[in-house]
Structures are given as structure tokens and as C-alpha cells.
$ cat query10.csv   # CSV, C-alpha atoms and all ligand atoms
chain,number,residue,atom,x,y,z
M,1,MET,CA,-2.6,1.0,5.3
M,2,TYR,CA,-0.9,-1.7,7.0
M,3,LYS,CA,1.9,-4.1,6.4
M,4,SER,CA,1.4,-7.6,7.4
M,5,ILE,CA,4.3,-8.1,9.7
M,6,ARG,CA,4.5,-8.8,13.4
M,7,HIS,CA,4.4,-5.7,15.5
M,8,THR,CA,7.9,-4.6,16.6
M,9,GLY,CA,7.0,-1.7,18.8
M,10,GLU,CA,6.6,1.9,17.6
M,11,SER,CA,6.8,2.7,13.9
M,12,ARG,CA,10.4,3.0,12.9
M,13,TYR,CA,9.4,5.8,10.5
M,14,PRO,CA,7.4,8.4,12.4
M,15,GLY,CA,9.3,11.2,10.6
M,16,PRO,CA,8.3,14.0,8.3
M,17,PHE,CA,7.0,13.5,4.8
M,18,PHE,CA,8.2,15.5,1.9
M,19,TRP,CA,6.3,16.6,-1.1
M,20,ILE,CA,7.0,15.5,-4.6
M,21,PRO,CA,5.8,18.1,-6.9
M,22,ALA,CA,2.9,17.0,-9.0
M,23,PHE,CA,3.9,16.3,-12.5
M,24,ALA,CA,0.5,16.2,-14.0
M,25,GLY,CA,-0.5,18.9,-16.2
M,26,MET,CA,-4.2,19.0,-16.3
M,27,THR,CA,-4.5,17.1,-19.6
M,28,MET,CA,-7.9,15.6,-19.0
M,29,ARG,CA,-10.7,16.3,-21.5
M,30,TRP,CA,-14.3,16.5,-20.5
M,31,LEU,CA,-16.4,13.5,-21.5
M,32,SER,CA,-18.9,14.5,-24.2
M,33,MET,CA,-22.2,12.9,-24.6
M,34,ASN,CA,-21.1,10.3,-27.3
M,35,GLN,CA,-17.8,9.4,-25.7
M,36,VAL,CA,-17.2,6.2,-23.7
M,37,ARG,CA,-14.7,5.7,-20.9
M,38,ILE,CA,-12.7,2.9,-22.5
M,39,LYS,CA,-11.4,1.5,-19.2
M,40,ASN,CA,-15.0,0.8,-18.1
M,41,PHE,CA,-14.9,-2.2,-20.5
M,42,THR,CA,-13.9,-5.8,-19.8
M,43,LEU,CA,-12.3,-7.6,-22.7
M,44,PRO,CA,-15.5,-9.3,-23.9
M,45,GLN,CA,-17.3,-5.9,-23.7
M,46,LEU,CA,-14.5,-4.2,-25.6
M,47,GLU,CA,-14.7,-6.9,-28.3
M,48,ALA,CA,-18.4,-6.2,-28.7
M,49,TRP,CA,-17.8,-2.5,-28.9
M,50,VAL,CA,-15.0,-2.9,-31.5
M,51,GLU,CA,-17.2,-5.2,-33.5
M,52,ASN,CA,-19.9,-2.6,-33.5
M,53,LEU,CA,-17.5,-0.1,-35.0
M,54,ALA,CA,-16.9,-2.7,-37.8
M,55,GLU,CA,-13.3,-3.0,-36.8
M,56,ARG,CA,-11.7,-6.5,-36.9
M,57,PRO,CA,-12.1,-8.4,-33.6
M,58,PHE,CA,-8.4,-8.8,-32.8
M,59,ARG,CA,-8.3,-5.0,-32.4
M,60,ALA,CA,-9.9,-5.4,-29.0
M,61,ARG,CA,-7.2,-7.5,-27.6
M,62,GLN,CA,-4.6,-5.2,-29.2
M,63,LEU,CA,-6.3,-2.2,-27.5
M,64,PHE,CA,-6.5,-4.0,-24.2
M,65,ARG,CA,-2.8,-4.6,-24.2
M,66,GLN,CA,-2.1,-1.0,-24.9
M,67,LEU,CA,-4.2,0.0,-22.0
M,68,TYR,CA,-3.1,-2.5,-19.4
M,69,VAL,CA,0.4,-3.7,-20.5
M,70,ARG,CA,1.8,-0.6,-22.0
M,71,HIS,CA,-0.3,1.8,-19.9
M,72,VAL,CA,-0.6,4.3,-22.7
M,73,THR,CA,-2.1,7.7,-21.8
M,74,SER,CA,-2.6,9.0,-25.3
M,75,TRP,CA,-3.8,7.3,-28.4
M,76,ASP,CA,-0.8,8.8,-30.3
M,77,GLU,CA,1.4,6.3,-28.4
M,78,CYS,CA,-0.4,3.4,-30.1
M,79,SER,CA,1.5,3.2,-33.3
M,80,ASP,CA,0.4,-0.3,-34.1
M,81,LEU,CA,-3.2,0.9,-34.6
M,82,SER,CA,-4.1,2.4,-37.9
M,83,LYS,CA,-4.4,6.2,-38.1
M,84,SER,CA,-8.1,6.0,-38.9
M,85,PHE,CA,-8.8,3.8,-35.9
M,86,ARG,CA,-6.8,6.1,-33.6
M,87,ASN,CA,-8.9,9.0,-34.9
M,88,ARG,CA,-12.1,7.2,-34.0
M,89,LEU,CA,-10.7,6.4,-30.6
M,90,GLU,CA,-9.7,10.0,-30.1
M,91,SER,CA,-13.1,11.3,-30.8
M,92,GLY,CA,-15.2,8.5,-29.4
M,93,THR,CA,-13.5,7.6,-26.2
M,94,LEU,CA,-12.0,8.9,-23.0
M,95,LEU,CA,-8.7,7.2,-22.3
M,96,ASN,CA,-7.8,8.7,-18.9
M,97,ALA,CA,-10.4,8.5,-16.1
M,98,LEU,CA,-8.3,10.4,-13.6
M,99,GLU,CA,-5.2,12.6,-13.4
M,100,LEU,CA,-2.5,12.8,-10.8
M,101,ALA,CA,-2.9,15.9,-8.6
M,102,ASP,CA,-0.3,15.3,-6.0
M,103,LYS,CA,2.0,12.7,-4.6
M,104,ARG,CA,3.5,12.4,-1.1
M,105,GLN,CA,6.1,10.0,0.1
M,106,ASP,CA,6.7,9.0,3.7
M,107,ALA,CA,10.1,8.3,5.0
M,108,ASP,CA,9.3,4.6,4.9
M,109,GLY,CA,8.7,4.7,1.2
M,110,THR,CA,4.9,4.5,1.4
M,111,THR,CA,3.6,6.8,-1.3
M,112,LYS,CA,0.2,8.4,-1.4
M,113,TYR,CA,-1.2,9.3,-4.8
M,114,LEU,CA,-3.9,11.9,-4.9
M,115,PHE,CA,-6.0,11.8,-8.0
M,116,VAL,CA,-8.5,14.2,-9.4
M,117,LEU,CA,-11.6,12.8,-11.1
M,118,GLN,CA,-13.4,14.5,-14.0
M,119,ASP,CA,-15.9,16.1,-11.7
M,120,GLY,CA,-13.2,17.6,-9.6
M,121,LEU,CA,-13.5,15.2,-6.7
M,122,HIS,CA,-10.4,13.6,-5.3
M,123,ILE,CA,-9.5,10.0,-4.4
M,124,GLU,CA,-6.3,8.4,-3.2
M,125,ALA,CA,-4.3,5.3,-3.7
M,126,VAL,CA,-1.4,4.3,-1.5
M,127,LEU,CA,1.6,2.2,-2.6
M,128,ILE,CA,3.3,0.3,0.2
M,129,PRO,CA,6.7,-1.0,-0.8
M,130,ASP,CA,7.9,-4.1,1.1
M,131,PRO,CA,10.2,-5.7,-1.4
M,132,PRO,CA,9.7,-7.9,-3.2
M,133,ARG,CA,6.1,-6.9,-2.6
M,134,HIS,CA,4.6,-3.6,-3.7
M,135,THR,CA,1.0,-3.4,-2.5
M,136,LEU,CA,-1.4,-0.9,-3.9
M,137,CYS,CA,-4.3,0.1,-1.7
M,138,LEU,CA,-7.2,1.2,-3.9
M,139,SER,CA,-10.3,3.4,-3.4
M,140,SER,CA,-13.7,2.1,-4.6
M,141,GLN,CA,-15.9,5.1,-3.7
M,142,VAL,CA,-15.5,8.8,-3.0
M,143,GLY,CA,-16.3,8.8,0.7
M,144,CYS,CA,-18.4,6.1,2.3
M,145,ALA,CA,-21.9,5.9,3.5
M,146,LEU,CA,-21.4,3.4,6.3
M,147,GLY,CA,-20.2,5.8,8.9
M,148,CYS,CA,-18.0,3.5,11.1
M,149,ARG,CA,-17.2,5.6,14.1
M,150,PHE,CA,-13.5,5.2,14.1
M,151,CYS,CA,-13.0,5.8,10.4
M,152,ARG,CA,-12.1,9.1,8.8
M,153,THR,CA,-13.7,8.3,5.5
M,154,GLY,CA,-16.8,7.3,7.4
M,155,ALA,CA,-16.9,10.8,9.0
M,156,LEU,CA,-16.8,12.4,5.5
M,157,GLY,CA,-20.0,10.7,4.3
M,158,PHE,CA,-20.7,9.4,0.8
M,159,GLN,CA,-20.1,11.4,-2.3
M,160,ARG,CA,-20.3,8.9,-5.1
M,161,HIS,CA,-19.4,5.5,-6.4
M,162,LEU,CA,-16.3,5.2,-8.6
M,163,GLN,CA,-16.7,3.8,-12.1
M,164,THR,CA,-14.7,0.7,-13.2
M,165,ALA,CA,-12.4,3.0,-15.2
M,166,GLU,CA,-11.7,5.1,-12.2
M,167,ILE,CA,-10.7,2.0,-10.2
M,168,VAL,CA,-8.5,0.4,-12.8
M,169,ASP,CA,-6.8,3.7,-13.7
M,170,GLN,CA,-5.5,3.9,-10.2
M,171,VAL,CA,-3.4,0.8,-11.0
M,172,CYS,CA,-2.4,2.1,-14.4
M,173,ARG,CA,-1.3,5.5,-13.2
M,174,VAL,CA,0.7,4.2,-10.3
M,175,GLN,CA,2.3,1.5,-12.3
M,176,SER,CA,3.4,4.0,-15.0
M,177,ASP,CA,4.9,6.2,-12.3
M,178,LEU,CA,7.2,3.5,-11.0
M,179,ALA,CA,10.7,2.5,-12.3
M,180,PRO,CA,10.4,-0.1,-15.1
M,181,GLU,CA,11.8,-2.9,-12.8
M,182,VAL,CA,9.2,-2.2,-10.1
M,183,ARG,CA,5.9,-4.0,-10.5
M,184,ILE,CA,2.8,-3.6,-8.3
M,185,SER,CA,2.5,-7.1,-6.9
M,186,ASN,CA,-0.6,-7.0,-4.8
M,187,LEU,CA,-3.9,-5.1,-4.9
M,188,VAL,CA,-6.0,-4.4,-1.8
M,189,PHE,CA,-9.4,-2.7,-1.7
M,190,MET,CA,-8.7,-1.0,1.6
M,191,GLY,CA,-8.7,2.7,0.6
M,192,MET,CA,-11.7,5.0,0.5
M,193,GLY,CA,-15.2,3.4,0.4
M,194,GLU,CA,-16.9,0.1,0.8
M,195,PRO,CA,-16.2,-2.0,-2.3
M,196,LEU,CA,-19.3,-4.3,-1.9
M,197,ALA,CA,-21.5,-1.2,-1.9
M,198,ASN,CA,-20.2,-0.5,-5.4
M,199,TYR,CA,-20.5,-4.2,-6.4
M,200,ASP,CA,-20.8,-4.0,-10.2
M,201,ALA,CA,-18.1,-1.5,-10.8
M,202,VAL,CA,-15.7,-3.2,-8.4
M,203,THR,CA,-16.2,-6.7,-9.7
M,204,GLN,CA,-15.9,-5.5,-13.3
M,205,ALA,CA,-12.6,-3.8,-12.3
M,206,ILE,CA,-11.4,-7.1,-10.7
M,207,ALA,CA,-12.2,-8.9,-14.0
M,208,ILE,CA,-9.9,-6.5,-15.8
M,209,MET,CA,-7.2,-7.0,-13.0
M,210,LEU,CA,-7.5,-10.8,-13.4
M,211,ASP,CA,-7.6,-10.9,-17.2
M,212,ALA,CA,-4.4,-12.4,-18.6
M,213,ASN,CA,-4.6,-9.9,-21.5
M,214,GLY,CA,-5.3,-7.1,-19.0
M,215,LEU,CA,-3.6,-6.3,-15.7
M,216,ALA,CA,-2.9,-10.0,-15.3
M,217,PHE,CA,-2.9,-10.3,-11.5
M,218,SER,CA,-3.3,-13.6,-9.8
M,219,HIS,CA,-6.5,-14.0,-7.7
M,220,ARG,CA,-4.1,-14.8,-4.8
M,221,ARG,CA,-2.8,-11.2,-5.0
M,222,ILE,CA,-6.0,-9.3,-4.8
M,223,THR,CA,-7.8,-8.7,-1.5
M,224,LEU,CA,-11.2,-7.2,-1.0
M,225,SER,CA,-11.9,-5.7,2.4
M,226,THR,CA,-15.5,-5.3,3.5
M,227,VAL,CA,-17.7,-4.7,6.5
M,228,GLY,CA,-19.7,-7.7,5.2
M,229,LEU,CA,-22.7,-6.6,3.2
M,230,ILE,CA,-24.3,-10.1,3.2
M,231,PRO,CA,-26.2,-10.3,-0.1
M,232,GLN,CA,-23.2,-9.0,-2.0
M,233,LEU,CA,-20.9,-11.3,0.0
M,234,ARG,CA,-22.8,-14.3,-1.2
M,235,ARG,CA,-22.5,-13.2,-4.8
M,236,LEU,CA,-18.8,-12.4,-4.5
M,237,GLY,CA,-18.1,-15.9,-3.2
M,238,ALA,CA,-19.9,-17.4,-6.2
M,239,GLU,CA,-18.4,-15.1,-8.8
M,240,LEU,CA,-14.8,-14.3,-8.0
M,241,PRO,CA,-12.0,-16.1,-6.3
M,242,VAL,CA,-10.2,-13.2,-4.7
M,243,ASN,CA,-9.0,-13.0,-1.1
M,244,LEU,CA,-11.6,-11.8,1.4
M,245,ALA,CA,-11.0,-9.6,4.5
M,246,ILE,CA,-13.9,-8.9,6.8
M,247,SER,CA,-13.8,-5.8,9.0
M,248,LEU,CA,-15.0,-7.3,12.3
M,249,HIS,CA,-13.7,-5.0,15.0
M,250,ALA,CA,-15.8,-6.5,17.8
M,251,ALA,CA,-17.0,-10.0,18.8
M,252,GLU,CA,-20.3,-8.9,20.3
M,253,ASP,CA,-23.2,-7.1,18.8
M,254,ARG,CA,-23.4,-4.5,21.6
M,255,ILE,CA,-20.0,-3.1,20.7
M,256,ARG,CA,-20.1,-3.7,16.9
M,257,ASP,CA,-23.5,-1.9,16.8
M,258,GLN,CA,-21.9,1.2,18.3
M,259,LEU,CA,-18.7,1.1,16.2
M,260,MET,CA,-20.3,0.1,12.9
M,261,PRO,CA,-23.9,1.0,12.2
M,262,ILE,CA,-24.1,-1.6,9.5
M,263,ASN,CA,-24.1,-4.2,12.3
M,264,ARG,CA,-27.7,-3.3,13.0
M,265,THR,CA,-28.7,-4.4,9.5
M,266,TYR,CA,-26.4,-7.5,9.4
M,267,PRO,CA,-25.7,-8.6,13.0
M,268,LEU,CA,-22.8,-10.9,13.9
M,269,ARG,CA,-24.8,-14.1,13.8
M,270,GLU,CA,-25.8,-13.5,10.2
M,271,LEU,CA,-22.3,-12.3,9.2
M,272,MET,CA,-20.7,-15.4,10.7
M,273,GLU,CA,-23.1,-17.7,9.0
M,274,ALA,CA,-22.4,-15.9,5.7
M,275,CYS,CA,-18.6,-16.4,6.4
M,276,ARG,CA,-19.2,-20.1,7.2
M,277,ASN,CA,-21.0,-20.6,3.9
M,278,TYR,CA,-18.6,-18.5,1.9
M,279,LEU,CA,-17.2,-20.4,-1.1
M,280,LEU,CA,-13.6,-20.3,-0.1
M,281,PRO,CA,-11.1,-21.8,-2.6
M,282,ALA,CA,-9.0,-24.6,-1.2
M,283,ARG,CA,-6.2,-23.5,1.2
M,284,LYS,CA,-7.6,-20.0,1.5
M,285,ARG,CA,-8.7,-18.5,4.8
M,286,ILE,CA,-10.8,-15.4,5.5
M,287,THR,CA,-8.9,-12.6,7.1
M,288,PHE,CA,-10.7,-10.9,9.9
M,289,GLU,CA,-9.6,-7.3,10.6
M,290,TYR,CA,-9.8,-6.1,14.1
M,291,VAL,CA,-8.9,-2.5,14.8
M,292,LEU,CA,-7.8,-2.3,18.4
M,293,LEU,CA,-9.3,0.6,20.3
M,294,GLU,CA,-8.2,1.3,23.8
M,295,GLY,CA,-10.9,0.6,26.4
M,296,VAL,CA,-13.5,-0.3,23.7
M,297,ASN,CA,-12.6,-3.7,22.3
M,298,ASP,CA,-9.1,-4.5,23.5
M,299,ARG,CA,-9.8,-6.5,26.7
M,300,VAL,CA,-8.6,-10.1,27.1
M,301,SER,CA,-12.2,-11.2,27.8
M,302,GLN,CA,-13.1,-9.8,24.3
M,303,ALA,CA,-10.3,-11.8,22.8
M,304,HIS,CA,-11.8,-14.9,24.3
M,305,LYS,CA,-15.2,-14.0,22.7
M,306,LEU,CA,-13.4,-13.5,19.4
M,307,VAL,CA,-12.0,-17.0,19.6
M,308,LYS,CA,-15.4,-18.4,20.2
M,309,LEU,CA,-17.0,-16.4,17.4
M,310,LEU,CA,-14.5,-17.6,14.8
M,311,HIS,CA,-14.7,-21.2,15.9
M,312,GLY,CA,-15.2,-23.5,12.8
M,313,ILE,CA,-14.2,-20.8,10.3
M,314,ARG,CA,-11.0,-21.0,8.2
M,315,ALA,CA,-9.8,-17.7,9.7
M,316,LYS,CA,-6.8,-15.6,10.4
M,317,VAL,CA,-6.9,-12.4,12.3
M,318,ASN,CA,-5.2,-9.1,11.6
M,319,LEU,CA,-5.0,-7.0,14.7
M,320,ILE,CA,-4.7,-3.3,13.6
M,321,PRO,CA,-3.6,-0.8,16.2
M,322,PHE,CA,-6.0,2.2,15.8
M,323,ASN,CA,-4.3,4.8,13.6
M,324,GLU,CA,-4.9,7.9,15.5
M,325,TYR,CA,-6.0,11.2,14.0
M,326,PRO,CA,-7.1,14.5,15.6
M,327,ASN,CA,-10.5,14.5,17.3
M,328,SER,CA,-11.2,10.9,16.6
M,329,GLY,CA,-12.1,10.2,20.2
M,330,TYR,CA,-10.2,6.9,20.1
M,331,ARG,CA,-6.7,5.8,21.0
M,332,LYS,CA,-4.7,2.7,20.2
M,333,PRO,CA,-4.0,0.4,23.2
M,334,SER,CA,-0.7,0.0,24.9
M,335,GLU,CA,1.8,-2.4,23.4
M,336,GLU,CA,1.3,-4.7,26.4
M,337,GLN,CA,-2.5,-4.8,26.0
M,338,MET,CA,-2.2,-5.6,22.3
M,339,LEU,CA,0.2,-8.5,23.0
M,340,ALA,CA,-2.1,-9.8,25.7
M,341,PHE,CA,-5.0,-9.8,23.2
M,342,GLN,CA,-2.9,-11.5,20.5
M,343,GLU,CA,-1.7,-14.1,23.0
M,344,VAL,CA,-5.3,-15.3,23.7
M,345,LEU,CA,-5.8,-15.8,20.0
M,346,THR,CA,-2.6,-17.6,19.3
M,347,SER,CA,-3.0,-19.9,22.3
M,348,ALA,CA,-6.3,-21.0,20.8
M,349,HIS,CA,-4.3,-21.8,17.6
M,350,LEU,CA,-5.7,-18.8,15.6
M,351,THR,CA,-3.1,-17.1,13.4
M,352,ALA,CA,-3.1,-13.5,14.6
M,353,THR,CA,-0.7,-10.8,13.5
M,354,ILE,CA,-0.4,-7.3,14.8
M,355,ARG,CA,0.1,-5.0,11.8
M,356,ARG,CA,2.3,-2.0,11.8
M,357,SER,CA,0.9,1.0,10.3
M,358,ARG,CA,2.6,2.4,7.2
M,359,GLY,CA,2.7,5.9,5.9
M,360,SER,CA,1.5,7.4,9.1
M,361,GLY,CA,3.6,10.5,8.5
M,362,ILE,CA,1.5,11.3,5.4
M,363,ASN,CA,-2.0,10.3,6.7
M,364,ALA,CA,-1.9,7.3,4.4
M,365,ALA,CA,-3.7,5.0,6.8
M,366,CYS,CA,-6.7,3.2,5.6
M,367,GLY,CA,-9.9,5.2,6.1
M,368,GLN,CA,-7.9,8.5,6.2
M,369,LEU,CA,-7.7,9.2,2.5
M,370,ALA,CA,-8.4,12.3,0.5
M,371,ALA,CA,-10.1,13.9,3.5
M,372,GLN,CA,-8.6,17.3,3.1
M,373,ARG,CA,-9.4,17.8,-0.5
M,374,ASN,CA,-13.0,16.8,-0.7
M,375,HIS,CA,-14.2,18.2,2.5
M,376,LYS,CA,-13.8,20.0,5.7
M,377,THR,CA,-11.9,18.5,8.6
M,378,PRO,CA,-14.1,15.8,10.1
M,379,ALA,CA,-16.0,16.9,13.2
M,380,PRO,CA,-15.0,15.3,16.5
M,381,VAL,CA,-16.5,11.9,16.8
M,382,LYS,CA,-18.2,10.8,20.0
M,383,ARG,CA,-16.5,7.9,21.6
M,384,VAL,CA,-18.6,4.8,22.2
Z,401,LIG,N1,-14.8,-0.3,3.6
Z,401,LIG,C1,-13.9,-1.4,3.7
Z,401,LIG,C2,-12.6,-1.1,3.1
Z,401,LIG,C3,-11.9,0.2,3.5
Z,401,LIG,S1,-11.4,0.5,5.1
Z,401,LIG,C4,-13.9,-1.9,5.1
Z,401,LIG,O1,-14.3,-1.2,6.0
Z,401,LIG,O2,-13.4,-3.1,5.3
Z,401,LIG,C5,-10.0,-0.7,5.3
Z,401,LIG,C6,-9.7,-1.1,6.7
Z,401,LIG,O3,-9.2,0.1,7.5
Z,401,LIG,C7,-11.0,-1.5,7.5
Z,401,LIG,O4,-10.7,-2.7,8.2
Z,401,LIG,C8,-11.2,-0.3,8.4
Z,401,LIG,O5,-12.0,-0.7,9.6
Z,401,LIG,C9,-9.8,0.1,8.8
Z,401,LIG,N2,-9.7,1.4,9.4
Z,401,LIG,C10,-10.5,2.5,9.1
Z,401,LIG,N3,-10.0,3.6,9.8
Z,401,LIG,C11,-9.0,3.1,10.6
Z,401,LIG,C12,-8.1,3.7,11.5
Z,401,LIG,N4,-8.2,5.0,11.9
Z,401,LIG,N5,-7.2,3.0,12.1
Z,401,LIG,C13,-7.0,1.7,11.7
Z,401,LIG,N6,-7.8,1.1,10.8
Z,401,LIG,C14,-8.8,1.8,10.3
Z,402,LIG,FE1,-16.6,2.9,5.2
Z,402,LIG,FE2,-14.8,1.0,5.6
Z,402,LIG,FE3,-14.6,3.4,6.7
Z,402,LIG,FE4,-16.5,1.7,7.6
Z,402,LIG,S1,-14.3,1.4,7.8
Z,402,LIG,S2,-16.7,3.9,7.1
Z,402,LIG,S3,-17.0,0.8,5.7
Z,402,LIG,S4,-14.5,2.9,4.6
$ encode --input "query10.csv" --output "C-alpha cells"
Amino acid sequence: MYKSIRHTGESRYPGPFFWIPAFAGMTMRWLSMNQVRIKNFTLPQLEAWVENLAERPFRARQLFRQLYVRHVTSWDECSDLSKSFRNRLESGTLLNALELADKRQDADGTTKYLFVLQDGLHIEAVLIPDPPRHTLCLSSQVGCALGCRFCRTGALGFQRHLQTAEIVDQVCRVQSDLAPEVRISNLVFMGMGEPLANYDAVTQAIAIMLDANGLAFSHRRITLSTVGLIPQLRRLGAELPVNLAISLHAAEDRIRDQLMPINRTYPLRELMEACRNYLLPARKRITFEYVLLEGVNDRVSQAHKLVKLLHGIRAKVNLIPFNEYPNSGYRKPSEEQMLAFQEVLTSAHLTATIRRSRGSGINAACGQLAAQRNHKTPAPVKRV
């Protein structure tokens, strides 16, 4: 989890975290065969579903507002719906896709929400306050199959995809936990999982996030981060106008192959071609994320290769000091090395920021989520 500001040295908030007792009673009901998860529906789908129940069409919009404007967690709260309709909803639908299991707050205000899903698996979402912004980092899968060597989620392996309801409910639950005057302003798919590997559920969730009757976020305030699964990337560009962040992390195949196994399927030449052809809305740029790993990809010569690689692409670069965790086998470079790397990029007129990690005291860094609950501690990872 990172804040997009210039690096100012060591984190100002290395300090301890404290626990906020979980307030969630386990109120979740099990989904029975004939029940639907209501938050899996986009508005047009909800309209069709409501019509099927022989309810009047405006009910769908009314329901959507209850779900995404009022963030109701029980049908009893929907007093504007008739009692008979509420009874049908109660028996035929599942309103809450997840429950809050725990919440931790770092000294810098970053808050990690641990959610339990119906099948007992855990996912996390992280809120990063940076007033007036409040960015929520979302998970799209439980674990991840792509096994990037430096990523804690990657070391856990893949458990399952999240459903649309489980993605949007992260937003609803965190929003309802905040004081009324605090609004989540930005959403980033940078939590657990590879969002484009779960394309349908993620894009359907984004449709609900963008819907003016739903969560009503501007497309400028939603960012999807991906390693670059090329077929899905092409579809995304054609279908949704959200911001795109590509996890690059190396400017040559030899190193990217080692860090990110997916590079053997979609090597840099193909990825860059897909980025060049990406249907980018006017004035938007693709963000390239580059995790700086000491002695692996942090040399000045590698920065020059990165400049060459990004030539001709509307790009900006986010340099991310590796967020260290036990037995990772990697370290973040020195401050001096990171600044030297950045200097090469900025001298070539590339916008390049070094991001300061947030929530490091509570393991809230991207790729480090929900590790303890779903699994064992990741095994030591061999350094490449
Ligand atoms: N799967 C997607 C989104 C989730 S990871 C992706 O890989 O883009 C979000 C970002 O966190 C990625 O850029 C990822 O490479 C980075 N990341 C993972 N582990 C990290 C770590 N230990 N330190 C710094 N960045 C990390
Ligand atoms: Fe998966 Fe992203 Fe981690 Fe790679 S960096 S293992 S794609 S979550």
C-alpha cells in the first residue's frame, strides 16, 4: 500500500500498531440453494431480477440505492420497501457477502480491515487516509496464482476468485465504518490477487462502482493494477475507462522472467505492444509500477533500459521501495540508490515518483495481506 508522494526518507511512522476490537458479531447466514447474493448484480441485472419477481421496475433502483448509498446491512433497515417485498428479499437473497473479523490501525492512520467470507477464508482491504483523499485498496482474489517472487500473496498461492459481491462489499463495509463526513475517494485494485485473472467479477464490480445510482465513483478515481495479462488487457481498454497500472518491475526479460513467472507467457515486447495499443482516454497515462529490489533491478543501467522501454508510451513511473518481510530474500535499496535511479528517469522527462510505504507497522503493504489467517507463514523465497 503506497501513497503517491515523493520519498522523504524513512517512514515517519514506523511505530507500533494497536488493535481495535472487532465489532462484528458473526451475523452472516449461510447461502441456501435458492438464494442469490444481491450484490453480485449490476443495476440492469437487478432490474431483470426484480421484474422476474413481478415487482415494479423502479424497485430495482430503490434497492440499489439502499445497497450502495445507504449501505444497509439488514433488510429491516429498508423501511421504504413494502413488508412483503422485504420478506421476499429476506428469504431469497443474501445481503452481506462478508463480515468484518478484525481491524488494525497503524500510527499513520492506515487501517487494515480483515474480512471473513462465507466459506471461512479471509481477505483484506486497506484504507489509506491522505486528506482530502481516502484511498481504499481492494482484494480481487483469495491468494494469487501468479507467484511473483517478491510478493507475499504470491507465496501463498491461489485459493479462489472473489465474487462481485465480495469485491463491492469491501467498499460498503469500510464506508459504513467511517465517520459520516469521511468518504472513500479513490479505489485501487492493489490488494490480494490479480484482478485481470478474475476479469468478469472484477469488471462487474467496477460497473457497480461507476454506476451513478450505485457507488458513484468517477472513472478517474478507480485504478486497476495488473501484471499485464494481455488478452484481458485488450478487453479492459475497450470496455472500461478506469486508470491502468502495470506491474513492470524490470526492463529486461531476463530479470522479469525470474521475478514474475508470467513474463514467460507474456514477455516484455508483447506487453509493451499491448500498452502502446491500449485505448487510453485523453490526458490519461499508464502508470508503470517498479518495485526496487537491491542488487536485482535497481542499477542506473537498468533505469536507462526502462527509459528506452517506455519510449513512445504515455507513461508515468511509480518507484516502490520493496516492502520488506521476513524470509523474503530481498531488500530495498539505499536511499541514494533509489534517488539515482529516479534521476535517470526524470532527466529523460519521465514523471517518476518514489512512493512511501504506508501501514508498514501492520503489514498492510500490497501483496502482504491476509497471510496469517489463510495459511502458514510463507516459506523463505529464493533470491534471484
Ligand atoms: N496483482 C496485481 C495487483 C496486486 S499487487 C499486480 O501485481 O499488479 C499490487 C502491487 O504491489 C504490485 O505492483 C506488486 O508488484 C506490488 N508488491 C507486491 N509485493 C510487494 C512488496 N513486498 N513490496 C512492494 N511492492 C509489492
Ligand atoms: Fe499476484 Fe500481484 Fe502478488 Fe504477482 S504481485 S503474486 S500478480 S498479487
$ residues_near_ligand --input "query10.csv" --ligand "ligand LIG 401 (chain Z)" --cutoff "8 Å" --atoms "all atoms listed in the file" --output "MDAnalysis selection string"
chainID M and resid 1 139 144 148 150:153 189:195 224:228 245:249 289:292 320:325 365:368
$ closest_residue --input "query10.csv" --among "M:Ala165, M:Leu345, M:Val72, M:Leu136" --to "Gln118 in chain M" --atoms "only C-alpha atoms"
M:Ala165
$ closest_residue --input "query10.csv" --among "M:Ser301, M:Thr42, M:Asn263, M:Ser84" --to "ligand LIG 402 (chain Z)" --atoms "all atoms listed in the file"
M:Asn263
$ closest_residue --input "query10.csv" --among "M:Ile167, M:Ala101, M:Val188, M:Leu196" --to "ligand LIG 402 (chain Z)" --atoms "only C-alpha atoms and all ligand atoms"
M:Leu196
$ atom_distance --input "query10.csv" --atom1 "CA of Ala303 in chain M" --atom2 "CA of Arg149 in chain M"
20.6 Å
$ closest_residue --input "query10.csv" --among "M:Gln163, M:Thr110, M:Gln258, M:Gln170" --to "ligand LIG 402 (chain Z)" --atoms "all atoms listed in the file"
M:Gln258
$ axis_aligned_box --input "query10.csv" --around "range 258-264 of chain M" --padding-each-side "3 Å" --output "JSON"
{"center_x": -23.2, "center_y": -1.5, "center_z": 13.9, "size_x": 15.0, "size_y": 11.4, "size_z": 14.8}
$ atom_distance --input "query10.csv" --atom1 "CA of His122 in chain M" --atom2 "CA of Phe288 in chain M"
28.8 Å
$ closest_residue --input "query10.csv" --among "M:Phe58, M:Phe158, M:Phe41, M:Trp49" --to "ligand LIG 402 (chain Z)" --atoms "all atoms listed in the file"
M:Phe158
$ residues_near_point --input "query10.csv" --point "(-15.4, -16.3, 18.4)" --cutoff "12 Å" --atoms "all atoms listed in the file" --output "list of chain:residue names"
M:Leu248, M:His249, M:Ala250, M:Ala251, M:Glu252, M:Leu268, M:Arg269, M:Met272, M:Phe288, M:Ser301, M:Gln302, M:Ala303, M:His304, M:Lys305, M:Leu306, M:Val307, M:Lys308, M:Leu309, M:Leu310, M:His311, M:Gly312, M:Ile313, M:Ala315, M:Lys316, M:Val317, M:Val344, M:Leu345, M:Ala348, M:Leu350
